Number of protein chains: 2
Amino acid sequence: MKEVVLGIDIGGTNTKFGFVDRSGTLLSEHSISTNVHASVESFLDALHENIEKNISALGEVVELIGIGVGAPNGNYYDGTIENAPNLRWKGSVNFVKLLQSYYDIPAVLTNDANAAAIGEMRFGGAQEMKNFIVITLGTGLGSGIVVNGELIYGHDGMAGELGHTLVNVNGRYCACGKRGCLETYVSATGIKRTIYKLLADHNGTSELNGVSFNDLSAELITEAAKNGDKIALEAFEYTGRILGMKLSDAVAHTSPEAIFLFGGLTKAEDFIFEPTKRYMEENLLYVYRNKVKLLPSGLQDKNAAVLGAAALAWQELEKSKDNVY
Amino acid sequence: MKEVVLGIDIGGTNTKFGFVDRSGTLLSEHSISTNVHASVESFLDALHENIEKNISALGEVVELIGIGVGAPNGNYYDGTIENAPNLRWKGSVNFVKLLQSYYDIPAVLTNDANAAAIGEMRFGGAQEMKNFIVITLGTGLGSGIVVNGELIYGHDGMAGELGHTLVNVNGRYCACGKRGCLETYVSATGIKRTIYKLLADHNGTSELNGVSFNDLSAELITEAAKNGDKIALEAFEYTGRILGMKLSDAVAHTSPEAIFLFGGLTKAEDFIFEPTKRYMEENLLYVYRNKVKLLPSGLQDKNAAVLGAAALAWQELEKSKDNVY
């Protein structure tokens with residue numbers, strides 16, 4: 001019988017989950033809708049039913065020995081999801097406790113970007129590293145910071161929220177209620193906003209002039225940049241400048257060996273990596289210059305969120321083993 | 001025979017040192033000039049002579065079992081002082097190795113603010129804390145970040161340089177070669193620069209109009225604020241605004257339980273603490289609000305730099321003991 005863990009990635013629209021063995025092989029992956037469920041109880045019923053169906057459909061006999069969950073505003077210490085703006089369940093939801101009423105096995109939860117960082121350390125590009133940062137560029141900007149081989153949870157279990165560090169106190173409105181947060185500039189949504197700002201400011205032609213905000217995407221902007229579209233190229237330069245400056249601040253905090261970028265925006269490759277690296281180096285204190293690698297995630301084409309949640313579960317199981325022996 | 005360690009705090013002008021027992025009692029403290037010595041070898045000769053003289057002058061018989069050093073640009077991993085702008089010894093100086101040619105006992109070095117953080121944890125206000133930050137406000141702004149009960153050194157041994165995070169890319173010139181670094185605004189020198197900026201901008205009266213830049217000090221500015229001087233009050237508001245905003249960024253990185261402020265500027269008490277706290281809270285992501293304490297250092301009236309260096313030595317001696325048993 002093969003031991004597996006369940007990795008669950010809760011998103012605002014869909015929740016993905018999959019069964020992952022100790023070596024990081026994803027045996028099967030599945031998805032259910034998150035936002036059709038008004039209550040977390042209804043969501044968990046649906047999730048449980050789907051897990052059971054798919055665990056029996058696996059080609060081999062497996063034993064489910066642990067669960068890892070990545071969730072927006074996930075609190076590692078309490079196992080709670082706290083006031084996540086893009087989920088329908090409000091307040092502080094003790095997701096781990098609710099989950100354990102279905103599965104009486106070790107379960108652990110953290111935010112999605114923290115899970116991605118643990119996935120990077122266990123199965124991705126950071127397997128030999130002790131100090132690194134993972135930045136996830138999706139609808140928002142998430143981050144997980146690893147120091148001395150351990151993810152930083154901080155005093156309250158919610159460390160690593162670089163998406164809400166300050167770029168401009170009078171800047172763009174953020175879903176969190178503040179203004180000028182990093183993720184309003186640097187994320188798939190952020191670069192769309194930048195394109196619209198540039199289209200408003202400039203009086204020229206751009207192939208993006210015919211695209212609505214809703215239809216605009218990181219992929220379309222990357223395509224336009226490849227075609228030499230000046231607005232798209234300037235948007236990447238602007239995005240890289242802001243990300244590079246804030247990454248230089250991050251280096252001054254924890255001095256990582258590498259910073260990994262993950263998510264759709266990184267498929268723009270050099271359009272985003274080159275200016276980010278250039279502005280990061282320019283803004284680094286001299287003692288840190290030419291030391292910090294800026295790398296694409298080693299899980300880029302895999303289901304990193306599910307693998308990350310599973311990696312968290314494996315890590316936790318090994319920790320509790322350490323406690324026994 | 002009483003076991004003691006030697007704590008050494010190397011500053012640009014003077015170097016302080018003292019003998020400290022395991023409980024944090026400073027048996028005696030001394031000072032020699034740093035900047036009269038053009039070479040580190042000449043400095044070490046003088047330091048050694050002074051240590052020997054003062055160790056025999058101690059009232060009791062002691063055994064020196066370790067040395068801790070706090071130094072600008074100190075690299076913990078290598079034991080080196082790297083291109084410190086305010087020291088006359090240029091390049092990378094392997095201070096620990098040189099020191100051990102005089103004393104063949106465990107010796108360890110880090111930057112002065114990191115040493116202050118270890119001192120805070122062992123002998124000061126953070127004795128029960130696992131996650132906190134110490135900010136030292138002197139000529140510049142130093143910082144030491146503790147996570148899970150351990151100081152963050154990072155990949156290269158030089159983590160925790162919040163003084164060189166970015167406030168304004170077109171801002172004030174910094175001694176490090178960059179512009180707009182936090183310490184050009186928030187430090188004893190930074191607030192002097194702010195006073196001069198405000199005196200230039202305003203067309204009013206201030207008791208500080210008669211003071212030259214060289215004669216101006218954090219103490220004089222505090223005195224003026226106590227007298228209700230509007231320029232001095234505005235300078236504290238401005239300084240607290242910038243420090244508060246950057247501390248909110250720091251919280252988003254490592255989510256500390258408390259942030260300790262240390263140094264002359266903190267003697268201004270509420271003039272600096274109140275606006276710093278207010279702007280920090282205002283800029284915090286909602287999940288962190290009303291959780292992070294802003295406190296004066298518990299070593300405020302003691303020789304924190306020497307105690308910190310000594311705490312580092314004690315910590316290192318206990319670590320190596322752990323390795324033996």
# chains A, B, ... in the order shown; residues from 1 in each chain; ligands from 1

$ select_by_dssp --residues "region 33-277 of chain B" --states "helix (DSSP H, G or I)" --output "CSV table (one decimal) with N, CA, C and O atoms, in the first residue's frame"
chain,number,residue,atom,x,y,z
B,40,VAL,N,44.6,47.9,10.7
B,40,VAL,CA,43.9,47.1,11.7
B,40,VAL,C,44.9,46.4,12.7
B,40,VAL,O,44.6,46.2,13.8
B,41,GLU,N,46.2,46.2,12.2
B,41,GLU,CA,47.2,45.6,13.0
B,41,GLU,C,47.6,46.5,14.2
B,41,GLU,O,47.7,46.0,15.3
B,42,SER,N,47.8,47.7,13.9
B,42,SER,CA,48.1,48.7,14.9
B,42,SER,C,47.0,48.8,15.9
B,42,SER,O,47.2,48.9,17.1
B,43,PHE,N,45.7,48.8,15.4
B,43,PHE,CA,44.5,48.9,16.2
B,43,PHE,C,44.5,47.7,17.2
B,43,PHE,O,44.3,47.8,18.4
B,44,LEU,N,44.8,46.5,16.6
B,44,LEU,CA,44.7,45.3,17.4
B,44,LEU,C,45.8,45.3,18.5
B,44,LEU,O,45.5,44.8,19.6
B,45,ASP,N,46.9,45.8,18.2
B,45,ASP,CA,48.0,45.9,19.2
B,45,ASP,C,47.5,46.7,20.4
B,45,ASP,O,47.7,46.3,21.6
B,46,ALA,N,46.9,47.9,20.1
B,46,ALA,CA,46.5,48.8,21.1
B,46,ALA,C,45.3,48.1,21.9
B,46,ALA,O,45.3,48.2,23.1
B,47,LEU,N,44.4,47.5,21.2
B,47,LEU,CA,43.3,46.8,21.8
B,47,LEU,C,43.8,45.7,22.8
B,47,LEU,O,43.3,45.7,24.0
B,48,HIS,N,44.7,44.9,22.3
B,48,HIS,CA,45.2,43.8,23.1
B,48,HIS,C,45.9,44.3,24.4
B,48,HIS,O,45.6,43.8,25.5
B,49,GLU,N,46.7,45.4,24.2
B,49,GLU,CA,47.4,46.0,25.4
B,49,GLU,C,46.3,46.4,26.4
B,49,GLU,O,46.5,46.2,27.6
B,50,ASN,N,45.3,47.1,25.9
B,50,ASN,CA,44.2,47.6,26.8
B,50,ASN,C,43.4,46.5,27.5
B,50,ASN,O,43.1,46.6,28.7
B,51,ILE,N,43.2,45.5,26.8
B,51,ILE,CA,42.4,44.3,27.3
B,51,ILE,C,43.2,43.7,28.5
B,51,ILE,O,42.7,43.5,29.6
B,52,GLU,N,44.5,43.5,28.2
B,52,GLU,CA,45.4,42.8,29.2
B,52,GLU,C,45.5,43.7,30.5
B,52,GLU,O,45.4,43.2,31.6
B,53,LYS,N,45.6,45.0,30.3
B,53,LYS,CA,45.8,45.9,31.4
B,53,LYS,C,44.5,45.9,32.2
B,53,LYS,O,44.5,45.8,33.5
B,54,ASN,N,43.3,45.9,31.6
B,54,ASN,CA,42.1,46.0,32.3
B,54,ASN,C,41.6,44.6,32.9
B,54,ASN,O,40.9,44.6,33.9
B,55,ILE,N,42.0,43.6,32.3
B,55,ILE,CA,41.6,42.3,32.8
B,55,ILE,C,42.4,42.0,34.2
B,55,ILE,O,41.8,41.5,35.1
B,56,SER,N,43.6,42.5,34.2
B,56,SER,CA,44.3,42.3,35.5
B,56,SER,C,43.8,43.3,36.6
B,56,SER,O,43.9,43.1,37.8
B,57,ALA,N,43.2,44.4,36.1
B,57,ALA,CA,42.7,45.4,37.1
B,57,ALA,C,41.4,45.0,37.7
B,57,ALA,O,40.9,45.7,38.6
B,95,PHE,N,38.7,40.1,10.8
B,95,PHE,CA,39.0,40.6,12.1
B,95,PHE,C,39.0,39.4,13.1
B,95,PHE,O,39.9,39.4,14.0
B,96,VAL,N,38.2,38.4,13.0
B,96,VAL,CA,38.2,37.3,13.9
B,96,VAL,C,39.5,36.5,13.9
B,96,VAL,O,40.1,36.2,14.9
B,97,LYS,N,40.0,36.3,12.6
B,97,LYS,CA,41.2,35.6,12.5
B,97,LYS,C,42.4,36.3,13.1
B,97,LYS,O,43.2,35.8,13.8
B,98,LEU,N,42.4,37.6,12.9
B,98,LEU,CA,43.5,38.5,13.4
B,98,LEU,C,43.4,38.5,15.0
B,98,LEU,O,44.4,38.4,15.7
B,99,LEU,N,42.2,38.6,15.5
B,99,LEU,CA,41.9,38.6,16.9
B,99,LEU,C,42.4,37.3,17.6
B,99,LEU,O,43.0,37.3,18.7
B,100,GLN,N,42.2,36.2,16.9
B,100,GLN,CA,42.5,34.9,17.4
B,100,GLN,C,44.0,34.6,17.4
B,100,GLN,O,44.5,33.7,18.1
B,112,ASP,N,26.8,45.6,14.3
B,112,ASP,CA,26.5,46.2,15.6
B,112,ASP,C,25.0,46.1,16.0
B,112,ASP,O,24.6,45.8,17.1
B,113,ALA,N,24.1,46.2,14.9
B,113,ALA,CA,22.7,46.2,15.2
B,113,ALA,C,22.3,44.7,15.4
B,113,ALA,O,21.4,44.5,16.3
B,114,ASN,N,22.9,43.8,14.7
B,114,ASN,CA,22.6,42.4,15.0
B,114,ASN,C,23.0,42.0,16.5
B,114,ASN,O,22.3,41.3,17.2
B,115,ALA,N,24.1,42.5,16.9
B,115,ALA,CA,24.6,42.3,18.2
B,115,ALA,C,23.6,42.9,19.2
B,115,ALA,O,23.3,42.3,20.2
B,116,ALA,N,23.1,44.1,18.9
B,116,ALA,CA,22.1,44.7,19.8
B,116,ALA,C,20.8,43.8,19.9
B,116,ALA,O,20.3,43.7,21.0
B,117,ALA,N,20.4,43.2,18.8
B,117,ALA,CA,19.2,42.3,18.8
B,117,ALA,C,19.5,41.1,19.7
B,117,ALA,O,18.6,40.7,20.5
B,118,ILE,N,20.7,40.5,19.6
B,118,ILE,CA,21.0,39.4,20.4
B,118,ILE,C,21.1,39.8,21.9
B,118,ILE,O,20.6,39.0,22.8
B,119,GLY,N,21.6,41.0,22.2
B,119,GLY,CA,21.6,41.5,23.5
B,119,GLY,C,20.2,41.7,24.1
B,119,GLY,O,19.9,41.4,25.2
B,120,GLU,N,19.3,42.2,23.2
B,120,GLU,CA,17.9,42.4,23.6
B,120,GLU,C,17.2,41.1,24.0
B,120,GLU,O,16.5,41.0,24.9
B,121,MET,N,17.6,40.1,23.2
B,121,MET,CA,17.0,38.7,23.4
B,121,MET,C,17.5,38.1,24.7
B,121,MET,O,16.8,37.4,25.4
B,122,ARG,N,18.8,38.3,25.0
B,122,ARG,CA,19.4,37.6,26.1
B,122,ARG,C,19.3,38.4,27.4
B,122,ARG,O,19.0,37.8,28.5
B,123,PHE,N,19.5,39.7,27.3
B,123,PHE,CA,19.6,40.5,28.6
B,123,PHE,C,18.5,41.6,28.6
B,123,PHE,O,18.4,42.4,29.6
B,162,LEU,N,17.9,47.3,7.2
B,162,LEU,CA,16.8,48.1,6.9
B,162,LEU,C,17.1,49.6,6.7
B,162,LEU,O,16.4,50.3,6.0
B,163,GLY,N,18.2,50.0,7.2
B,163,GLY,CA,18.7,51.4,7.0
B,163,GLY,C,18.9,51.8,5.5
B,163,GLY,O,18.8,52.9,5.1
B,164,HIS,N,19.1,50.7,4.7
B,164,HIS,CA,19.3,51.0,3.3
B,164,HIS,C,18.1,50.5,2.4
B,164,HIS,O,18.3,50.3,1.2
B,182,LEU,N,16.4,54.7,3.9
B,182,LEU,CA,15.7,55.0,5.1
B,182,LEU,C,16.6,55.8,6.1
B,182,LEU,O,16.1,56.7,6.7
B,183,GLU,N,17.9,55.4,6.2
B,183,GLU,CA,18.7,56.1,7.3
B,183,GLU,C,19.0,57.6,7.0
B,183,GLU,O,19.3,58.3,7.9
B,184,THR,N,18.8,58.0,5.7
B,184,THR,CA,19.0,59.4,5.4
B,184,THR,C,17.8,60.2,6.0
B,184,THR,O,17.9,61.5,6.1
B,188,ALA,N,19.7,59.9,13.9
B,188,ALA,CA,20.1,61.2,14.5
B,188,ALA,C,20.4,62.2,13.3
B,188,ALA,O,20.0,63.3,13.4
B,189,THR,N,21.2,61.7,12.4
B,189,THR,CA,21.6,62.6,11.2
B,189,THR,C,20.4,62.9,10.4
B,189,THR,O,20.2,64.0,9.9
B,190,GLY,N,19.5,61.9,10.1
B,190,GLY,CA,18.3,62.1,9.3
B,190,GLY,C,17.4,63.2,9.8
B,190,GLY,O,17.0,64.0,9.0
B,191,ILE,N,17.2,63.2,11.1
B,191,ILE,CA,16.3,64.2,11.6
B,191,ILE,C,16.9,65.6,11.6
B,191,ILE,O,16.2,66.6,11.4
B,192,LYS,N,18.2,65.7,11.7
B,192,LYS,CA,18.9,66.9,11.5
B,192,LYS,C,18.7,67.4,10.1
B,192,LYS,O,18.5,68.6,9.9
B,193,ARG,N,18.9,66.5,9.1
B,193,ARG,CA,18.6,66.9,7.7
B,193,ARG,C,17.2,67.4,7.5
B,193,ARG,O,16.9,68.4,6.8
B,194,THR,N,16.2,66.7,8.2
B,194,THR,CA,14.8,67.1,8.1
B,194,THR,C,14.6,68.5,8.7
B,194,THR,O,13.9,69.4,8.1
B,195,ILE,N,15.3,68.8,9.8
B,195,ILE,CA,15.2,70.2,10.4
B,195,ILE,C,15.7,71.2,9.4
B,195,ILE,O,15.0,72.2,9.2
B,196,TYR,N,16.8,70.9,8.8
B,196,TYR,CA,17.3,71.9,7.8
B,196,TYR,C,16.4,72.1,6.6
B,196,TYR,O,16.3,73.2,6.1
B,197,LYS,N,15.8,71.0,6.2
B,197,LYS,CA,14.9,71.0,5.1
B,197,LYS,C,13.7,71.9,5.4
B,197,LYS,O,13.3,72.8,4.7
B,198,LEU,N,13.2,71.7,6.6
B,198,LEU,CA,12.0,72.4,7.1
B,198,LEU,C,12.3,73.9,7.3
B,198,LEU,O,11.5,74.8,7.0
B,199,LEU,N,13.5,74.2,7.9
B,199,LEU,CA,13.9,75.6,8.1
B,199,LEU,C,14.1,76.3,6.7
B,199,LEU,O,13.7,77.5,6.6
B,200,ALA,N,14.5,75.5,5.7
B,200,ALA,CA,14.7,76.1,4.4
B,200,ALA,C,13.3,76.4,3.8
B,200,ALA,O,13.1,77.4,3.1
B,201,ASP,N,12.3,75.5,4.0
B,201,ASP,CA,11.0,75.6,3.4
B,201,ASP,C,10.1,76.6,4.1
B,201,ASP,O,9.4,77.3,3.4
B,207,GLU,N,13.5,78.1,17.3
B,207,GLU,CA,14.7,78.3,18.2
B,207,GLU,C,15.9,77.6,17.6
B,207,GLU,O,17.0,77.7,18.0
B,208,LEU,N,15.6,76.7,16.5
B,208,LEU,CA,16.8,76.0,15.9
B,208,LEU,C,17.4,76.8,14.8
B,208,LEU,O,18.4,76.4,14.3
B,209,ASN,N,16.9,78.0,14.5
B,209,ASN,CA,17.5,78.9,13.5
B,209,ASN,C,18.9,79.3,13.8
B,209,ASN,O,19.7,79.6,12.9
B,210,GLY,N,19.2,79.3,15.1
B,210,GLY,CA,20.5,79.8,15.5
B,210,GLY,C,21.6,78.7,15.6
B,210,GLY,O,22.7,78.9,16.1
B,218,ALA,N,20.0,65.3,18.2
B,218,ALA,CA,18.7,64.8,18.5
B,218,ALA,C,18.2,65.4,19.9
B,218,ALA,O,17.0,65.7,20.0
B,219,GLU,N,19.2,65.6,20.8
B,219,GLU,CA,18.8,66.2,22.1
B,219,GLU,C,18.3,67.6,21.9
B,219,GLU,O,17.2,67.9,22.5
B,220,LEU,N,19.0,68.4,21.2
B,220,LEU,CA,18.5,69.8,20.9
B,220,LEU,C,17.1,69.8,20.3
B,220,LEU,O,16.3,70.6,20.6
B,221,ILE,N,16.9,68.9,19.3
B,221,ILE,CA,15.6,68.9,18.6
B,221,ILE,C,14.5,68.5,19.6
B,221,ILE,O,13.4,69.0,19.5
B,222,THR,N,14.8,67.5,20.4
B,222,THR,CA,13.9,67.1,21.4
B,222,THR,C,13.5,68.2,22.4
B,222,THR,O,12.3,68.4,22.7
B,223,GLU,N,14.5,68.9,22.8
B,223,GLU,CA,14.3,70.1,23.7
B,223,GLU,C,13.4,71.1,23.0
B,223,GLU,O,12.4,71.6,23.6
B,224,ALA,N,13.7,71.4,21.8
B,224,ALA,CA,12.9,72.4,21.0
B,224,ALA,C,11.4,71.9,20.9
B,224,ALA,O,10.5,72.7,21.1
B,225,ALA,N,11.2,70.6,20.7
B,225,ALA,CA,9.9,70.0,20.6
B,225,ALA,C,9.1,70.2,21.9
B,225,ALA,O,8.0,70.5,22.0
B,226,LYS,N,9.9,69.9,23.0
B,226,LYS,CA,9.3,70.1,24.3
B,226,LYS,C,8.8,71.6,24.6
B,226,LYS,O,7.9,71.8,25.3
B,230,LYS,N,7.5,74.6,16.4
B,230,LYS,CA,6.7,73.9,15.4
B,230,LYS,C,7.6,73.1,14.4
B,230,LYS,O,7.2,72.1,13.9
B,231,ILE,N,8.8,73.7,14.1
B,231,ILE,CA,9.7,73.0,13.2
B,231,ILE,C,10.1,71.7,13.8
B,231,ILE,O,10.1,70.6,13.1
B,232,ALA,N,10.5,71.7,15.0
B,232,ALA,CA,10.9,70.4,15.7
B,232,ALA,C,9.8,69.4,15.8
B,232,ALA,O,10.0,68.2,15.5
B,233,LEU,N,8.6,69.9,16.1
B,233,LEU,CA,7.4,69.0,16.1
B,233,LEU,C,7.1,68.4,14.8
B,233,LEU,O,6.9,67.2,14.7
B,234,GLU,N,7.2,69.2,13.7
B,234,GLU,CA,7.0,68.7,12.4
B,234,GLU,C,8.1,67.7,12.0
B,234,GLU,O,7.8,66.7,11.3
B,235,ALA,N,9.3,68.0,12.4
B,235,ALA,CA,10.4,67.0,12.1
B,235,ALA,C,10.1,65.7,12.7
B,235,ALA,O,10.4,64.6,12.0
B,236,PHE,N,9.6,65.6,13.9
B,236,PHE,CA,9.3,64.3,14.5
B,236,PHE,C,8.1,63.6,13.8
B,236,PHE,O,8.2,62.4,13.6
B,237,GLU,N,7.1,64.4,13.4
B,237,GLU,CA,6.0,63.9,12.7
B,237,GLU,C,6.5,63.2,11.4
B,237,GLU,O,6.1,62.1,11.0
B,238,TYR,N,7.3,64.0,10.7
B,238,TYR,CA,7.9,63.5,9.4
B,238,TYR,C,8.7,62.3,9.6
B,238,TYR,O,8.6,61.3,8.8
B,239,THR,N,9.6,62.3,10.6
B,239,THR,CA,10.4,61.1,10.8
B,239,THR,C,9.6,59.9,11.2
B,239,THR,O,9.9,58.8,10.7
B,240,GLY,N,8.6,60.1,12.1
B,240,GLY,CA,7.7,59.0,12.5
B,240,GLY,C,6.9,58.5,11.3
B,240,GLY,O,6.7,57.3,11.2
B,241,ARG,N,6.5,59.4,10.4
B,241,ARG,CA,5.7,58.9,9.2
B,241,ARG,C,6.6,58.0,8.4
B,241,ARG,O,6.1,56.9,8.0
B,242,ILE,N,7.8,58.4,8.1
B,242,ILE,CA,8.7,57.5,7.2
B,242,ILE,C,9.0,56.2,8.0
B,242,ILE,O,9.0,55.1,7.4
B,243,LEU,N,9.4,56.3,9.2
B,243,LEU,CA,9.8,55.1,10.0
B,243,LEU,C,8.5,54.2,10.1
B,243,LEU,O,8.6,53.0,9.8
B,244,GLY,N,7.4,54.7,10.4
B,244,GLY,CA,6.2,53.9,10.5
B,244,GLY,C,5.8,53.2,9.2
B,244,GLY,O,5.5,52.0,9.2
B,245,MET,N,5.9,53.9,8.1
B,245,MET,CA,5.6,53.3,6.8
B,245,MET,C,6.6,52.1,6.5
B,245,MET,O,6.2,51.0,6.1
B,246,LYS,N,7.9,52.3,6.8
B,246,LYS,CA,8.8,51.3,6.5
B,246,LYS,C,8.7,50.1,7.5
B,246,LYS,O,9.0,49.0,7.2
B,247,LEU,N,8.3,50.4,8.7
B,247,LEU,CA,8.1,49.3,9.7
B,247,LEU,C,6.9,48.5,9.3
B,247,LEU,O,6.9,47.3,9.5
B,248,SER,N,5.9,49.1,8.7
B,248,SER,CA,4.8,48.3,8.2
B,248,SER,C,5.2,47.3,7.1
B,248,SER,O,4.8,46.2,7.1
B,249,ASP,N,6.2,47.8,6.3
B,249,ASP,CA,6.8,46.8,5.3
B,249,ASP,C,7.5,45.7,6.0
B,249,ASP,O,7.4,44.5,5.6
B,250,ALA,N,8.3,46.1,7.0
B,250,ALA,CA,9.1,45.1,7.8
B,250,ALA,C,8.1,44.0,8.4
B,250,ALA,O,8.4,42.8,8.4
B,251,VAL,N,7.0,44.5,8.9
B,251,VAL,CA,6.0,43.5,9.5
B,251,VAL,C,5.5,42.6,8.5
B,251,VAL,O,5.3,41.4,8.7
B,252,ALA,N,5.3,43.1,7.2
B,252,ALA,CA,4.8,42.2,6.2
B,252,ALA,C,5.8,41.1,5.8
B,252,ALA,O,5.5,40.1,5.2
B,253,HIS,N,7.1,41.4,6.1
B,253,HIS,CA,8.1,40.4,5.8
B,253,HIS,C,8.1,39.3,6.9
B,253,HIS,O,8.0,38.1,6.6
B,254,THR,N,8.3,39.7,8.1
B,254,THR,CA,8.6,38.7,9.2
B,254,THR,C,7.6,38.6,10.3
B,254,THR,O,7.7,37.8,11.2
B,264,GLY,N,19.8,57.3,20.8
B,264,GLY,CA,19.6,58.7,21.3
B,264,GLY,C,18.2,59.2,20.9
B,264,GLY,O,17.5,59.9,21.7
B,265,LEU,N,17.8,59.0,19.6
B,265,LEU,CA,16.6,59.6,19.1
B,265,LEU,C,15.4,59.1,19.9
B,265,LEU,O,14.4,59.8,20.0
B,266,THR,N,15.5,57.9,20.5
B,266,THR,CA,14.3,57.4,21.2
B,266,THR,C,14.1,58.1,22.6
B,266,THR,O,13.1,57.9,23.2
B,267,LYS,N,15.1,58.8,23.0
B,267,LYS,CA,15.0,59.6,24.2
B,267,LYS,C,13.9,60.7,24.1
B,267,LYS,O,13.4,61.3,25.0
B,268,ALA,N,13.5,61.0,22.8
B,268,ALA,CA,12.4,61.9,22.5
B,268,ALA,C,11.1,61.3,22.9
B,268,ALA,O,10.0,62.0,22.8
B,270,ASP,N,7.6,60.0,23.4
B,270,ASP,CA,6.4,60.1,22.6
B,270,ASP,C,6.5,60.9,21.3
B,270,ASP,O,5.8,60.7,20.3
B,271,PHE,N,7.4,61.9,21.3
B,271,PHE,CA,7.6,62.7,20.1
B,271,PHE,C,7.9,61.8,18.9
B,271,PHE,O,7.5,62.0,17.8
B,272,ILE,N,8.7,60.7,19.1
B,272,ILE,CA,9.0,59.8,18.1
B,272,ILE,C,8.1,58.5,18.1
B,272,ILE,O,7.7,58.0,17.0
B,273,PHE,N,7.8,58.0,19.2
B,273,PHE,CA,7.0,56.7,19.3
B,273,PHE,C,5.6,56.9,18.8
B,273,PHE,O,5.1,56.1,18.1
B,274,GLU,N,5.0,58.0,19.2
B,274,GLU,CA,3.5,58.2,18.8
B,274,GLU,C,3.3,58.3,17.3
B,274,GLU,O,2.5,57.5,16.7
B,275,PRO,N,4.0,59.2,16.6
B,275,PRO,CA,3.8,59.2,15.1
B,275,PRO,C,4.2,57.9,14.4
B,275,PRO,O,3.6,57.4,13.5
B,276,THR,N,5.3,57.3,14.9
B,276,THR,CA,5.8,56.0,14.3
B,276,THR,C,4.7,55.0,14.4
B,276,THR,O,4.4,54.3,13.4
B,277,LYS,N,4.2,54.8,15.6
B,277,LYS,CA,3.1,53.8,15.8
B,277,LYS,C,1.9,54.1,15.0
B,277,LYS,O,1.3,53.2,14.3

$ interface_residues --of "chain B" --to "chain A" --cutoff "8 Å" --atoms "only C-alpha atoms" --output "number ranges by chain"
B: 82, 130-131, 145, 147-148, 152-162, 164-166, 176, 178, 245, 248-257, 283, 285-287

$ select_by_dssp --residues "region 123-304 of chain A" --states "strand (DSSP E or B)" --output "list of chain:residue names"
A:Phe132, A:Ile133, A:Val134, A:Ile135, A:Thr136, A:Leu137, A:Leu141, A:Gly142, A:Ser143, A:Gly144, A:Ile145, A:Val146, A:Val147, A:Glu150, A:Leu151, A:Leu166, A:Tyr173, A:Arg179, A:Cys181, A:Ala258, A:Ile259, A:Phe260, A:Leu261, A:Phe262, A:Lys293, A:Leu294, A:Leu295, A:Pro296

$ atom_distance --atom1 "CA of Val69 (chain B)" --atom2 "CA of Gly7 (chain B)"
6.0 Å

$ atom_distance --atom1 "CA of Ile67 (chain B)" --atom2 "CA of Ala309 (chain B)"
7.9 Å

$ atom_distance --atom1 "CA of Ala38 (chain B)" --atom2 "CA of Gly12 (chain B)"
12.0 Å

$ residues_around --residues "Leu317 (chain A)" --least-positions-apart "6" --cutoff "9 Å" --atoms "only C-alpha atoms" --output "list in words"
Ile65, Gly66 and Pro106 of chain A

$ decode --residues "region 213-239 of chain B" --atoms "C-alpha atoms" --output "PDB file, in the first residue's frame"
ATOM      1  CA  PHE B 213      24.219  71.687  11.351  1.00  0.00           C
ATOM      2  CA  ASN B 214      27.280  70.468  13.234  1.00  0.00           C
ATOM      3  CA  ASP B 215      25.955  71.719  16.556  1.00  0.00           C
ATOM      4  CA  LEU B 216      22.456  70.346  15.983  1.00  0.00           C
ATOM      5  CA  SER B 217      21.617  67.071  17.747  1.00  0.00           C
ATOM      6  CA  ALA B 218      18.685  64.777  18.535  1.00  0.00           C
ATOM      7  CA  GLU B 219      18.804  66.171  22.096  1.00  0.00           C
ATOM      8  CA  LEU B 220      18.504  69.804  20.940  1.00  0.00           C
ATOM      9  CA  ILE B 221      15.638  68.888  18.602  1.00  0.00           C
ATOM     10  CA  THR B 222      13.861  67.069  21.431  1.00  0.00           C
ATOM     11  CA  GLU B 223      14.327  70.090  23.700  1.00  0.00           C
ATOM     12  CA  ALA B 224      12.853  72.361  21.025  1.00  0.00           C
ATOM     13  CA  ALA B 225       9.873  70.000  20.589  1.00  0.00           C
ATOM     14  CA  LYS B 226       9.274  70.125  24.347  1.00  0.00           C
ATOM     15  CA  ASN B 227       9.224  73.918  24.068  1.00  0.00           C
ATOM     16  CA  GLY B 228       6.540  73.615  21.387  1.00  0.00           C
ATOM     17  CA  ASP B 229       8.809  74.600  18.504  1.00  0.00           C
ATOM     18  CA  LYS B 230       6.736  73.918  15.369  1.00  0.00           C
ATOM     19  CA  ILE B 231       9.691  72.996  13.179  1.00  0.00           C
ATOM     20  CA  ALA B 232      10.920  70.443  15.712  1.00  0.00           C
ATOM     21  CA  LEU B 233       7.419  69.005  16.142  1.00  0.00           C
ATOM     22  CA  GLU B 234       6.968  68.718  12.389  1.00  0.00           C
ATOM     23  CA  ALA B 235      10.375  67.042  12.072  1.00  0.00           C
ATOM     24  CA  PHE B 236       9.309  64.326  14.533  1.00  0.00           C
ATOM     25  CA  GLU B 237       5.999  63.863  12.705  1.00  0.00           C
ATOM     26  CA  TYR B 238       7.864  63.518   9.390  1.00  0.00           C
ATOM     27  CA  THR B 239      10.448  61.135  10.847  1.00  0.00           C
TER      28      THR B 239
END
